[in-house]
>>> print(open('start00.txt').read())   # compact mmCIF, N, CA and C atoms and all ligand atoms
# COMPACT_ATOMS: atom_id res chain seq x y z
N MET J 1 28.28 23.91 -83.85
CA MET J 1 29.33 23.09 -83.27
C MET J 1 30.40 22.82 -84.34
N THR J 2 31.67 23.06 -84.02
CA THR J 2 32.73 22.78 -84.98
C THR J 2 33.14 21.31 -84.90
N GLN J 3 33.52 20.78 -86.03
CA GLN J 3 33.93 19.38 -86.06
C GLN J 3 35.41 19.27 -85.78
N SER J 4 35.77 18.24 -85.04
CA SER J 4 37.17 18.02 -84.70
C SER J 4 37.93 17.43 -85.88
N THR J 5 39.17 17.88 -86.03
CA THR J 5 40.07 17.24 -87.00
C THR J 5 41.35 16.83 -86.29
N LYS J 6 41.25 16.70 -84.96
CA LYS J 6 42.44 16.27 -84.20
C LYS J 6 42.84 14.87 -84.63
N PRO J 7 44.14 14.59 -84.62
CA PRO J 7 44.61 13.28 -85.09
C PRO J 7 44.01 12.12 -84.29
N ILE J 8 43.71 11.08 -85.01
CA ILE J 8 43.28 9.82 -84.39
C ILE J 8 44.12 8.69 -84.98
N GLU J 9 44.03 7.53 -84.34
CA GLU J 9 44.73 6.37 -84.84
C GLU J 9 43.74 5.25 -85.16
N VAL J 10 44.04 4.56 -86.25
CA VAL J 10 43.34 3.32 -86.58
C VAL J 10 44.38 2.21 -86.47
N LEU J 11 44.24 1.38 -85.45
CA LEU J 11 45.17 0.28 -85.24
C LEU J 11 44.61 -0.96 -85.92
N VAL J 12 45.42 -1.59 -86.74
CA VAL J 12 44.97 -2.76 -87.50
C VAL J 12 45.79 -3.97 -87.08
N CYS J 13 45.10 -5.01 -86.61
CA CYS J 13 45.82 -6.24 -86.26
C CYS J 13 46.22 -6.96 -87.55
N ILE J 14 47.49 -7.20 -87.67
CA ILE J 14 47.99 -7.86 -88.89
C ILE J 14 48.28 -9.35 -88.64
N LYS J 15 47.86 -9.86 -87.50
CA LYS J 15 48.17 -11.26 -87.16
C LYS J 15 46.97 -12.20 -87.21
N CYS J 16 45.76 -11.65 -87.30
CA CYS J 16 44.58 -12.52 -87.30
C CYS J 16 44.63 -13.52 -88.44
N ARG J 17 44.15 -14.72 -88.16
CA ARG J 17 43.92 -15.71 -89.21
C ARG J 17 42.55 -16.32 -88.92
N ARG J 18 41.61 -16.15 -89.84
CA ARG J 18 40.25 -16.64 -89.61
C ARG J 18 40.21 -18.15 -89.80
N GLU J 19 39.70 -18.83 -88.78
CA GLU J 19 39.66 -20.29 -88.78
C GLU J 19 38.84 -20.80 -89.96
N GLY J 20 39.42 -21.71 -90.72
CA GLY J 20 38.71 -22.31 -91.84
C GLY J 20 38.66 -21.45 -93.09
N ILE J 21 39.20 -20.25 -93.03
CA ILE J 21 39.15 -19.34 -94.19
C ILE J 21 40.57 -19.02 -94.67
N ASP J 22 41.43 -18.62 -93.75
CA ASP J 22 42.77 -18.19 -94.13
C ASP J 22 43.76 -19.33 -93.90
N SER J 23 44.49 -19.66 -94.95
CA SER J 23 45.41 -20.77 -94.82
C SER J 23 46.80 -20.29 -94.45
N GLU J 24 47.56 -21.23 -93.93
CA GLU J 24 48.95 -21.00 -93.54
C GLU J 24 49.74 -20.51 -94.75
N GLY J 25 50.59 -19.53 -94.55
CA GLY J 25 51.45 -19.06 -95.63
C GLY J 25 50.84 -17.97 -96.48
N GLU J 26 49.54 -17.80 -96.40
CA GLU J 26 48.84 -16.75 -97.17
C GLU J 26 49.06 -15.40 -96.46
N THR J 27 49.05 -14.32 -97.24
CA THR J 27 49.11 -13.00 -96.61
C THR J 27 47.91 -12.87 -95.69
N ARG J 28 48.16 -12.48 -94.48
CA ARG J 28 47.07 -12.44 -93.51
C ARG J 28 46.09 -11.31 -93.84
N PRO J 29 44.82 -11.56 -93.55
CA PRO J 29 43.79 -10.59 -93.94
C PRO J 29 44.00 -9.21 -93.32
N GLY J 30 44.56 -9.16 -92.12
CA GLY J 30 44.82 -7.86 -91.50
C GLY J 30 45.85 -7.07 -92.28
N THR J 31 46.84 -7.77 -92.83
CA THR J 31 47.84 -7.10 -93.66
C THR J 31 47.19 -6.56 -94.94
N LYS J 32 46.28 -7.36 -95.51
CA LYS J 32 45.56 -6.89 -96.71
C LYS J 32 44.70 -5.68 -96.37
N LEU J 33 44.05 -5.72 -95.21
CA LEU J 33 43.23 -4.57 -94.80
C LEU J 33 44.12 -3.35 -94.57
N LEU J 34 45.24 -3.55 -93.90
CA LEU J 34 46.18 -2.45 -93.67
C LEU J 34 46.60 -1.82 -94.99
N ASN J 35 46.97 -2.67 -95.95
CA ASN J 35 47.40 -2.17 -97.26
C ASN J 35 46.27 -1.41 -97.96
N ALA J 36 45.04 -1.94 -97.85
CA ALA J 36 43.90 -1.27 -98.48
C ALA J 36 43.64 0.10 -97.84
N LEU J 37 43.77 0.15 -96.52
CA LEU J 37 43.56 1.43 -95.82
C LEU J 37 44.62 2.45 -96.23
N GLU J 38 45.87 2.01 -96.26
CA GLU J 38 46.94 2.93 -96.64
C GLU J 38 46.80 3.34 -98.10
N GLY J 39 46.36 2.40 -98.94
CA GLY J 39 46.20 2.68 -100.37
C GLY J 39 45.08 3.64 -100.68
N ALA J 40 44.16 3.80 -99.73
CA ALA J 40 43.04 4.71 -99.94
C ALA J 40 43.43 6.16 -99.63
N ASN J 41 44.67 6.38 -99.26
CA ASN J 41 45.21 7.72 -98.98
C ASN J 41 44.35 8.51 -97.98
N PRO J 42 44.20 7.99 -96.79
CA PRO J 42 43.44 8.75 -95.79
C PRO J 42 44.17 10.03 -95.43
N PRO J 43 43.46 11.03 -94.89
CA PRO J 43 44.15 12.25 -94.48
C PRO J 43 45.22 11.94 -93.44
N ALA J 44 46.25 12.78 -93.40
CA ALA J 44 47.37 12.53 -92.48
C ALA J 44 46.91 12.50 -91.03
N SER J 45 45.80 13.14 -90.73
CA SER J 45 45.31 13.16 -89.35
C SER J 45 44.62 11.86 -88.95
N ILE J 46 44.41 10.96 -89.90
CA ILE J 46 43.93 9.61 -89.58
C ILE J 46 45.11 8.67 -89.80
N GLN J 47 45.76 8.33 -88.71
CA GLN J 47 47.00 7.56 -88.78
C GLN J 47 46.70 6.07 -88.72
N ILE J 48 47.15 5.35 -89.74
CA ILE J 48 46.93 3.91 -89.82
C ILE J 48 48.17 3.21 -89.28
N LYS J 49 47.99 2.33 -88.31
CA LYS J 49 49.15 1.66 -87.70
C LYS J 49 48.89 0.16 -87.57
N ALA J 50 49.92 -0.62 -87.83
CA ALA J 50 49.84 -2.07 -87.65
C ALA J 50 50.10 -2.41 -86.20
N VAL J 51 49.34 -3.37 -85.68
CA VAL J 51 49.61 -3.91 -84.34
C VAL J 51 49.52 -5.43 -84.42
N GLU J 52 50.03 -6.08 -83.40
CA GLU J 52 50.01 -7.54 -83.36
C GLU J 52 49.09 -7.99 -82.25
N CYS J 53 47.85 -8.21 -82.59
CA CYS J 53 46.80 -8.76 -81.73
C CYS J 53 46.11 -7.69 -80.88
N LEU J 54 44.80 -7.65 -81.02
CA LEU J 54 43.94 -6.80 -80.20
C LEU J 54 43.07 -7.67 -79.30
N SER J 55 43.48 -8.94 -79.15
CA SER J 55 42.76 -9.90 -78.31
C SER J 55 41.31 -10.10 -78.76
N ASN J 56 41.14 -10.08 -80.07
CA ASN J 56 39.83 -10.37 -80.68
C ASN J 56 40.04 -11.40 -81.79
N CYS J 57 40.92 -12.35 -81.52
CA CYS J 57 41.43 -13.26 -82.55
C CYS J 57 40.33 -14.08 -83.22
N SER J 58 39.32 -14.51 -82.50
CA SER J 58 38.30 -15.37 -83.10
C SER J 58 37.31 -14.58 -83.95
N ARG J 59 37.38 -13.25 -83.90
CA ARG J 59 36.46 -12.43 -84.69
C ARG J 59 37.22 -11.39 -85.51
N GLY J 60 38.45 -11.75 -85.94
CA GLY J 60 39.21 -10.83 -86.77
C GLY J 60 38.72 -10.83 -88.20
N CYS J 61 39.28 -9.94 -89.03
CA CYS J 61 40.27 -8.92 -88.67
C CYS J 61 39.70 -7.94 -87.66
N SER J 62 40.62 -7.34 -86.95
CA SER J 62 40.24 -6.43 -85.89
C SER J 62 40.93 -5.09 -86.08
N VAL J 63 40.18 -4.03 -85.75
CA VAL J 63 40.78 -2.70 -85.73
C VAL J 63 40.36 -2.01 -84.43
N ALA J 64 41.14 -1.04 -84.02
CA ALA J 64 40.78 -0.19 -82.88
C ALA J 64 40.91 1.26 -83.31
N LEU J 65 39.98 2.07 -82.86
CA LEU J 65 40.04 3.52 -83.08
C LEU J 65 40.35 4.15 -81.74
N ARG J 66 41.30 5.08 -81.74
CA ARG J 66 41.61 5.76 -80.49
C ARG J 66 42.18 7.14 -80.76
N GLY J 67 42.13 7.98 -79.75
CA GLY J 67 42.69 9.32 -79.85
C GLY J 67 42.67 9.94 -78.46
N PRO J 68 43.51 10.95 -78.23
CA PRO J 68 43.58 11.58 -76.91
C PRO J 68 42.22 12.14 -76.49
N GLY J 69 41.81 11.84 -75.27
CA GLY J 69 40.57 12.38 -74.72
C GLY J 69 39.31 11.78 -75.32
N ARG J 70 39.45 10.67 -76.05
CA ARG J 70 38.30 10.06 -76.72
C ARG J 70 38.04 8.66 -76.18
N TRP J 71 36.80 8.23 -76.35
CA TRP J 71 36.49 6.82 -76.17
C TRP J 71 37.25 6.04 -77.24
N SER J 72 37.66 4.83 -76.90
CA SER J 72 38.31 3.93 -77.85
C SER J 72 37.33 2.80 -78.19
N TYR J 73 37.42 2.32 -79.42
CA TYR J 73 36.52 1.26 -79.89
C TYR J 73 37.32 0.16 -80.57
N VAL J 74 36.89 -1.07 -80.37
CA VAL J 74 37.43 -2.21 -81.12
C VAL J 74 36.31 -2.77 -81.98
N TYR J 75 36.62 -2.98 -83.26
CA TYR J 75 35.65 -3.56 -84.19
C TYR J 75 36.25 -4.82 -84.80
N GLY J 76 35.38 -5.77 -85.12
CA GLY J 76 35.85 -7.05 -85.65
C GLY J 76 35.16 -7.47 -86.92
N ASN J 77 35.48 -8.71 -87.33
CA ASN J 77 34.90 -9.33 -88.54
C ASN J 77 35.11 -8.49 -89.79
N LEU J 78 36.28 -7.92 -89.89
CA LEU J 78 36.60 -7.06 -91.03
C LEU J 78 37.46 -7.80 -92.05
N ASP J 79 37.53 -7.25 -93.25
CA ASP J 79 38.50 -7.69 -94.25
C ASP J 79 38.79 -6.51 -95.17
N GLU J 80 39.66 -6.73 -96.15
CA GLU J 80 40.11 -5.60 -96.96
C GLU J 80 38.98 -4.99 -97.79
N LYS J 81 37.93 -5.76 -98.04
CA LYS J 81 36.80 -5.21 -98.80
C LYS J 81 36.05 -4.14 -98.00
N LEU J 82 36.31 -4.10 -96.71
CA LEU J 82 35.63 -3.13 -95.84
C LEU J 82 36.51 -1.93 -95.50
N ALA J 83 37.58 -1.73 -96.26
CA ALA J 83 38.49 -0.61 -95.97
C ALA J 83 37.76 0.73 -96.01
N GLU J 84 36.91 0.91 -97.02
CA GLU J 84 36.18 2.19 -97.12
C GLU J 84 35.24 2.38 -95.92
N THR J 85 34.65 1.29 -95.48
CA THR J 85 33.78 1.36 -94.30
C THR J 85 34.58 1.78 -93.07
N VAL J 86 35.77 1.21 -92.91
CA VAL J 86 36.62 1.57 -91.77
C VAL J 86 36.97 3.05 -91.84
N LEU J 87 37.32 3.52 -93.03
CA LEU J 87 37.70 4.93 -93.16
C LEU J 87 36.50 5.85 -92.95
N GLU J 88 35.33 5.43 -93.40
CA GLU J 88 34.11 6.23 -93.15
C GLU J 88 33.86 6.32 -91.65
N GLY J 89 33.97 5.18 -90.97
CA GLY J 89 33.75 5.17 -89.52
C GLY J 89 34.82 5.97 -88.79
N ALA J 90 36.05 5.89 -89.27
CA ALA J 90 37.14 6.64 -88.65
C ALA J 90 36.93 8.14 -88.82
N ALA J 91 36.45 8.56 -89.98
CA ALA J 91 36.21 9.99 -90.22
C ALA J 91 35.10 10.50 -89.31
N LYS J 92 34.06 9.71 -89.14
CA LYS J 92 32.97 10.12 -88.23
C LYS J 92 33.48 10.17 -86.80
N TYR J 93 34.28 9.19 -86.43
CA TYR J 93 34.88 9.16 -85.09
C TYR J 93 35.74 10.41 -84.88
N GLN J 94 36.54 10.73 -85.87
CA GLN J 94 37.43 11.89 -85.76
C GLN J 94 36.63 13.19 -85.64
N SER J 95 35.48 13.24 -86.28
CA SER J 95 34.71 14.48 -86.31
C SER J 95 34.09 14.84 -84.96
N THR J 96 34.07 13.88 -84.05
CA THR J 96 33.50 14.15 -82.73
C THR J 96 34.61 14.64 -81.78
N ALA J 97 34.19 15.29 -80.71
CA ALA J 97 35.16 15.75 -79.72
C ALA J 97 35.60 14.63 -78.79
N ASP J 98 34.70 13.65 -78.57
CA ASP J 98 34.97 12.61 -77.57
C ASP J 98 34.94 11.19 -78.12
N GLY J 99 34.78 11.04 -79.42
CA GLY J 99 34.76 9.71 -80.03
C GLY J 99 33.40 9.05 -80.05
N LEU J 100 32.40 9.70 -79.45
CA LEU J 100 31.07 9.10 -79.37
C LEU J 100 30.25 9.49 -80.61
N VAL J 101 30.23 8.59 -81.57
CA VAL J 101 29.42 8.80 -82.78
C VAL J 101 28.03 8.23 -82.48
N PRO J 102 26.97 9.01 -82.71
CA PRO J 102 25.63 8.45 -82.48
C PRO J 102 25.47 7.12 -83.22
N TRP J 103 24.86 6.16 -82.54
CA TRP J 103 24.76 4.79 -83.06
C TRP J 103 24.23 4.75 -84.48
N ARG J 104 23.18 5.49 -84.77
CA ARG J 104 22.56 5.46 -86.09
C ARG J 104 23.46 6.03 -87.18
N GLU J 105 24.45 6.83 -86.79
CA GLU J 105 25.34 7.45 -87.78
C GLU J 105 26.57 6.59 -88.07
N ARG J 106 26.75 5.53 -87.31
CA ARG J 106 27.90 4.66 -87.54
C ARG J 106 27.65 3.77 -88.75
N PRO J 107 28.71 3.39 -89.48
CA PRO J 107 28.51 2.42 -90.56
C PRO J 107 27.85 1.15 -90.01
N GLU J 108 27.03 0.53 -90.83
CA GLU J 108 26.29 -0.66 -90.37
C GLU J 108 27.23 -1.73 -89.81
N HIS J 109 28.36 -1.94 -90.48
CA HIS J 109 29.28 -2.97 -89.99
C HIS J 109 29.77 -2.62 -88.58
N PHE J 110 30.00 -1.35 -88.31
CA PHE J 110 30.42 -0.94 -86.97
C PHE J 110 29.30 -1.17 -85.97
N ARG J 111 28.06 -0.92 -86.38
CA ARG J 111 26.94 -1.12 -85.45
C ARG J 111 26.82 -2.58 -85.05
N LYS J 112 27.12 -3.48 -85.99
CA LYS J 112 26.91 -4.91 -85.74
C LYS J 112 28.15 -5.64 -85.23
N ASN J 113 29.29 -4.98 -85.27
CA ASN J 113 30.54 -5.69 -84.94
C ASN J 113 31.42 -4.91 -83.98
N CYS J 114 30.79 -4.20 -83.06
CA CYS J 114 31.57 -3.51 -82.03
C CYS J 114 31.92 -4.52 -80.94
N ILE J 115 33.20 -4.71 -80.72
CA ILE J 115 33.66 -5.71 -79.76
C ILE J 115 33.81 -5.09 -78.37
N ALA J 116 34.31 -3.87 -78.32
CA ALA J 116 34.53 -3.22 -77.02
C ALA J 116 34.61 -1.72 -77.20
N ARG J 117 34.25 -1.02 -76.15
CA ARG J 117 34.51 0.42 -76.11
C ARG J 117 35.08 0.73 -74.75
N ILE J 118 36.02 1.64 -74.74
CA ILE J 118 36.81 1.91 -73.54
C ILE J 118 36.79 3.42 -73.30
N PRO J 119 36.42 3.86 -72.11
CA PRO J 119 36.33 5.31 -71.88
C PRO J 119 37.69 5.97 -71.90
N PRO J 120 37.70 7.27 -72.19
CA PRO J 120 38.98 8.00 -72.19
C PRO J 120 39.55 8.08 -70.78
N MET J 121 40.85 8.18 -70.72
CA MET J 121 41.52 8.36 -69.44
C MET J 121 41.26 9.77 -68.95
N GLU J 122 40.89 9.91 -67.71
CA GLU J 122 40.61 11.25 -67.17
C GLU J 122 41.91 11.99 -66.97
N ALA J 123 41.91 13.28 -67.30
CA ALA J 123 43.14 14.08 -67.15
C ALA J 123 43.43 14.32 -65.68
S1 LIG J 201 45.62 -12.03 -83.76
FE1 LIG J 201 44.32 -10.38 -84.43
S2 LIG J 201 43.19 -9.89 -82.65
FE2 LIG J 201 44.50 -11.47 -81.99
>>> encode(input="start00.txt", output="structure tokens", more="lines below")
Ligand code: FES
Amino acid sequence: MTQSTKPIEVLVCIKCRREGIDSEGETRPGTKLLNALEGANPPASIQIKAVECLSNCSRGCSVALRGPGRWSYVYGNLDEKLAETVLEGAAKYQSTADGLVPWRERPEHFRKNCIARIPPMEA
């Protein structure tokens, strides 16, 4: 079986503020995570994009993985220290044809912090 390298997107919410942790005026953790992801120089086929709210505000930072013809996933409880984990999970996600990474092969944080999964739109 050949592995897919079709482009995918990693959407990062840059608006989350964790209650009791992130103070007003501080760079928001999603922005720090976004910067860490971009700074890790992911392949061009893994596109990192900022978004404003994935409706997972109480369990941010939040990211979503998506791509044409694939299941989409939302993951939460992230921060910039988990940038490598996000990129590892994104690479595994990209390597599949449909976005379905076997549960045991997902990074542990993804296994424990999956907020939602959404089936691909039928052609
Ligand atoms: S503000 Fe980040 S998910 Fe809502």
>>> closest_atom_pairs(input="start00.txt", of="chain J", to="ligand LIG 201 (chain J)", cutoff="6 Å", atoms="only N, CA and C atoms and all ligand atoms", output="Markdown table")
| residue | atom | partner | partner_atom | distance |
| --- | --- | --- | --- | --- |
| J:Cys13 | CA | J:LIG201 | FE1 | 4.8 |
| J:Ile14 | N | J:LIG201 | FE1 | 5.5 |
| J:Lys15 | C | J:LIG201 | S1 | 3.7 |
| J:Cys16 | N | J:LIG201 | FE1 | 3.5 |
| J:Arg17 | N | J:LIG201 | S1 | 5.4 |
| J:Glu52 | C | J:LIG201 | S1 | 5.5 |
| J:Cys53 | CA | J:LIG201 | FE2 | 3.6 |
| J:Leu54 | N | J:LIG201 | S2 | 3.2 |
| J:Ser55 | N | J:LIG201 | S2 | 3.6 |
| J:Asn56 | N | J:LIG201 | S2 | 3.3 |
| J:Cys57 | N | J:LIG201 | S2 | 3.5 |
| J:Gly60 | CA | J:LIG201 | FE1 | 5.6 |
| J:Ser62 | N | J:LIG201 | FE1 | 5.4 |
>>> residues_around(input="start00.txt", residues="Arg106 in chain J", least_positions_apart="6", cutoff="8 Å", atoms="all atoms listed in the file", output="list in words")
Glu88, Gly89, Lys92, Tyr93 and Lys112 of chain J
>>> residues_near_point(input="start00.txt", point="(42.7, 7.5, -74.7)", cutoff="5 Å", atoms="all atoms listed in the file", output="list in words")
Gly67, Pro68, Gly69, Arg70, Pro120 and Met121 of chain J
>>> atom_distance(input="start00.txt", atom1="CA of Pro43 in chain J", atom2="CA of Ala90 in chain J")
10.7 Å
>>> select_by_dssp(input="start00.txt", residues="chain J", states="helix (DSSP H, G or I)", output="JSON, numbers by chain")
{"J": [29, 30, 31, 32, 33, 34, 35, 36, 37, 38, 39, 57, 58, 59, 80, 81, 82, 83, 84, 85, 86, 87, 88, 89, 90, 91, 92, 93, 94, 95, 103, 104, 105, 108, 109, 110, 111, 112]}
>>> atom_distance(input="start00.txt", atom1="atom N of Gly76 in chain J", atom2="CA of Pro7 in chain J")
21.2 Å
>>> closest_residue(input="start00.txt", among="J:Ala97, J:Ile21, J:Leu34, J:Ile115", to="Lys49 in chain J", atoms="only N, CA and C atoms")
J:Leu34
>>> residues_near_point(input="start00.txt", point="(41.0, -7.0, -98.1)", cutoff="9 Å", atoms="only C-alpha atoms", output="PyMOL selection string")
chain J and resi 29-36+78-83
>>> residues_around(input="start00.txt", residues="Ser4 in chain J", least_positions_apart="4", cutoff="5 Å", atoms="only N, CA and C atoms", output="number ranges by chain")
J: 94-96
>>> residues_around(input="start00.txt", residues="Glu9 in chain J", least_positions_apart="6", cutoff="7 Å", atoms="only N, CA and C atoms", output="list in words")
Ser45, Ile46, Gln47, Ile48, Lys49, Ala64, Leu65, Arg66 and Gly67 of chain J
>>> atom_distance(input="start00.txt", atom1="atom C of Pro107 in chain J", atom2="CA of Leu87 in chain J")
11.0 Å
